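Asker: Got a structure for you, written out below as structure tokens; questions coming shortly.
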Amino acid sequence: MQVMEQPSDVLRQFRHGDLDAFEALFRQHQSEVYGWIVRIVRDPSAAEDLTVETFWRIHRAHARFDPGQGFGPWARRIATNAALDYLKTRRPEADVPDDLASPQLADPGVSEEVRRKTAYAFGRLPAKLKAAATLALIEERPYKDIAGALGISTGAVKVRVFRALRLLRKELRRQGIEP
């Protein structure tokens, strides 16, 4: 079956299981999905694997796709779920080694120890809180976009970011750093 030029036709064909339509959507959205995932998991190698996993999930769920809705937001939501699954199953990282080189931050007033302890505290957050906090605080994505990707309300995003900040402050205080 020939993939037509109209985006709505491609979306309808994808919904009916057309592999050419799926391939066209994959080519069009692959880099966007990868970028979204790498923002959440903060690991380019894992993001590559998760991008493949995301498109596998998209392919399997083609019959549930609504062509009247945008493909991008639907793909981001599936990508977010794949990233959260990864974060939930990944073992918490051990203490960061002292000899680990880190890139220079714009603020030289922040010591290496504070950066290291902050990264450690951030890594210990529950997956759902970490995803919301990463997208909101580090990537500075709009709450509306985060809410759509996580499948929750904007208010719930704000609550998750607030809880993440509260847990980060608590962990940093435990480590002897006053945030």
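Labeling convention for the structure tokens: chains A, B, ... as they appear, residues from 1 per chain, ligands from 1 in order of appearance.
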Near Leu125 of chain A, within 10 Å and counting only C-alpha atoms, which residues show up once chain neighbours fewer than 5 positions away are dropped, as a PDB file with N, CA, C and O atoms, in the first residue's frame?
Answerer:
ATOM      1  N   LEU A  87      13.272   3.757  34.652  1.00  0.00           N
ATOM      2  CA  LEU A  87      13.727   4.363  35.906  1.00  0.00           C
ATOM      3  C   LEU A  87      13.299   3.542  37.119  1.00  0.00           C
ATOM      4  O   LEU A  87      14.025   3.471  38.109  1.00  0.00           O
ATOM      5  N   PRO A  92      19.213   1.738  41.927  1.00  0.00           N
ATOM      6  CA  PRO A  92      19.714   3.041  42.368  1.00  0.00           C
ATOM      7  C   PRO A  92      21.236   3.043  42.312  1.00  0.00           C
ATOM      8  O   PRO A  92      21.876   2.068  42.694  1.00  0.00           O
ATOM      9  N   TYR A 120      23.368  12.829  43.446  1.00  0.00           N
ATOM     10  CA  TYR A 120      23.060  11.599  44.172  1.00  0.00           C
ATOM     11  C   TYR A 120      21.630  11.657  44.724  1.00  0.00           C
ATOM     12  O   TYR A 120      20.861  10.703  44.591  1.00  0.00           O
ATOM     13  N   LYS A 130      10.969  11.914  39.779  1.00  0.00           N
ATOM     14  CA  LYS A 130      12.174  12.266  39.041  1.00  0.00           C
ATOM     15  C   LYS A 130      11.821  12.729  37.622  1.00  0.00           C
ATOM     16  O   LYS A 130      12.367  13.710  37.130  1.00  0.00           O
ATOM     17  N   ALA A 131      10.891  12.030  36.974  1.00  0.00           N
ATOM     18  CA  ALA A 131      10.497  12.409  35.613  1.00  0.00           C
ATOM     19  C   ALA A 131       9.878  13.802  35.595  1.00  0.00           C
ATOM     20  O   ALA A 131      10.256  14.646  34.772  1.00  0.00           O
ATOM     21  N   ALA A 133      10.180  16.209  37.862  1.00  0.00           N
ATOM     22  CA  ALA A 133      11.168  17.212  38.270  1.00  0.00           C
ATOM     23  C   ALA A 133      12.195  17.460  37.169  1.00  0.00           C
ATOM     24  O   ALA A 133      12.579  18.609  36.923  1.00  0.00           O
ATOM     25  N   ARG A 163       6.802  17.755  45.607  1.00  0.00           N
ATOM     26  CA  ARG A 163       7.248  16.626  46.429  1.00  0.00           C
ATOM     27  C   ARG A 163       8.710  16.279  46.141  1.00  0.00           C
ATOM     28  O   ARG A 163       9.470  15.951  47.049  1.00  0.00           O
ATOM     29  N   ALA A 164       9.088  16.353  44.874  1.00  0.00           N
ATOM     30  CA  ALA A 164      10.484  16.073  44.507  1.00  0.00           C
ATOM     31  C   ALA A 164      11.409  17.083  45.172  1.00  0.00           C
ATOM     32  O   ALA A 164      12.448  16.707  45.723  1.00  0.00           O
ATOM     33  N   LEU A 165      11.043  18.349  45.130  1.00  0.00           N
ATOM     34  CA  LEU A 165      11.869  19.381  45.763  1.00  0.00           C
ATOM     35  C   LEU A 165      11.963  19.165  47.269  1.00  0.00           C
ATOM     36  O   LEU A 165      13.030  19.331  47.864  1.00  0.00           O
ATOM     37  N   LEU A 167      11.708  16.299  48.882  1.00  0.00           N
ATOM     38  CA  LEU A 167      12.582  15.148  49.132  1.00  0.00           C
ATOM     39  C   LEU A 167      14.051  15.494  48.873  1.00  0.00           C
ATOM     40  O   LEU A 167      14.940  15.040  49.606  1.00  0.00           O
ATOM     41  N   LEU A 168      14.309  16.289  47.845  1.00  0.00           N
ATOM     42  CA  LEU A 168      15.686  16.719  47.570  1.00  0.00           C
ATOM     43  C   LEU A 168      16.241  17.536  48.729  1.00  0.00           C
ATOM     44  O   LEU A 168      17.372  17.314  49.174  1.00  0.00           O
ATOM     45  N   GLU A 171      16.979  15.217  51.677  1.00  0.00           N
ATOM     46  CA  GLU A 171      18.176  14.408  51.466  1.00  0.00           C
ATOM     47  C   GLU A 171      19.439  15.264  51.570  1.00  0.00           C
ATOM     48  O   GLU A 171      20.435  14.835  52.153  1.00  0.00           O
TER      49      GLU A 171
END
Asker: Per residue of segment 25-58 of chain A within 12 Å of segment 146-156 of chain A, note the shortest atom pair and the distance in Å to one decimal, counting only C-alpha atoms, and order the rows by chain and increasing residue number, as a Markdown table.
Answerer:
| residue | atom | partner | partner_atom | distance |
| --- | --- | --- | --- | --- |
| A:Val33 | CA | A:Ala149 | CA | 11.2 |
| A:Trp36 | CA | A:Ala149 | CA | 9.6 |
| A:Ile37 | CA | A:Ala149 | CA | 10.8 |
| A:Arg39 | CA | A:Ile146 | CA | 11.6 |
| A:Ile40 | CA | A:Ile146 | CA | 10.8 |
Asker: Based on the selection just made, write C-alpha atoms of those residues as a PDB file, in the first residue's frame.
Answerer:
ATOM      1  CA  VAL A  33      10.995  10.769  20.834  1.00  0.00           C
ATOM      2  CA  TRP A  36      12.130  13.424  25.023  1.00  0.00           C
ATOM      3  CA  ILE A  37      13.397  10.179  26.531  1.00  0.00           C
ATOM      4  CA  ARG A  39      15.551  14.380  28.957  1.00  0.00           C
ATOM      5  CA  ILE A  40      13.904  11.986  31.378  1.00  0.00           C
TER       6      ILE A  40
END
Asker: Using only C-alpha atoms, which residues sit within 9 Å of Phe14 of chain A once same-chain residues fewer than 4 positions away are excluded, as a ChimeraX atom specification?
Answerer: /A:9-10,18-22,25,59,62-63,65,67
Asker: List the spatial neighbours of Ile138 of chain A as a PyMOL selection string - criterion: any atom at most 12 Å away, only C-alpha atoms, same-chain residues fewer than 2 positions off excluded.
Answerer: chain A and resi 39-42+119+122+130-136+140-142+161
Asker: Just the selected residues (C-alpha atoms), exported as a PDB file, in the first residue's frame, please.
Answerer:
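part_31.pdb, freshly written:
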ATOM      1  CA  ARG A  39      15.551  14.380  28.957  1.00  0.00           C
ATOM      2  CA  ILE A  40      13.904  11.986  31.378  1.00  0.00           C
ATOM      3  CA  VAL A  41      16.507   9.254  31.805  1.00  0.00           C
ATOM      4  CA  ARG A  42      19.615  11.458  31.338  1.00  0.00           C
ATOM      5  CA  ALA A 119      23.082  14.477  41.692  1.00  0.00           C
ATOM      6  CA  PHE A 122      18.216  13.465  42.548  1.00  0.00           C
ATOM      7  CA  LYS A 130      12.174  12.266  39.041  1.00  0.00           C
ATOM      8  CA  ALA A 131      10.497  12.409  35.613  1.00  0.00           C
ATOM      9  CA  ALA A 132       8.312  15.374  36.544  1.00  0.00           C
ATOM     10  CA  ALA A 133      11.168  17.212  38.270  1.00  0.00           C
ATOM     11  CA  THR A 134      13.611  16.583  35.419  1.00  0.00           C
ATOM     12  CA  LEU A 135      11.213  17.871  32.794  1.00  0.00           C
ATOM     13  CA  ALA A 136      10.081  20.856  34.871  1.00  0.00           C
ATOM     14  CA  GLU A 140      12.130  23.740  31.836  1.00  0.00           C
ATOM     15  CA  ARG A 141       9.266  22.187  29.870  1.00  0.00           C
ATOM     16  CA  PRO A 142       5.780  23.700  30.310  1.00  0.00           C
ATOM     17  CA  VAL A 161       7.563  18.719  41.389  1.00  0.00           C
TER      18      VAL A 161
END
Asker: Need to verify the contact set: Asp85 of chain A, 12 Å, only C-alpha atoms, exclusion of same-chain residues closer than 6 positions in sequence. Can you return it as a ChimeraX atom specification?
Answerer: /A:37,40-41,46,50,53-54,78-79,91,126-128,131
Asker: Just asking: which residues within chain A are helix (DSSP H, G or I) according to DSSP, as a PyMOL selection string?
Answerer: chain A and resi 7-15+19-41+44-60+62-64+71-89+112-123+127-138+143-150+154-174
Asker: Can you measure atom CA of Val114 of chain A to atom CA of Arg160 of chain A for me? One decimal in Å is fine.
Answerer: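 So the answer is 23.2 Å.
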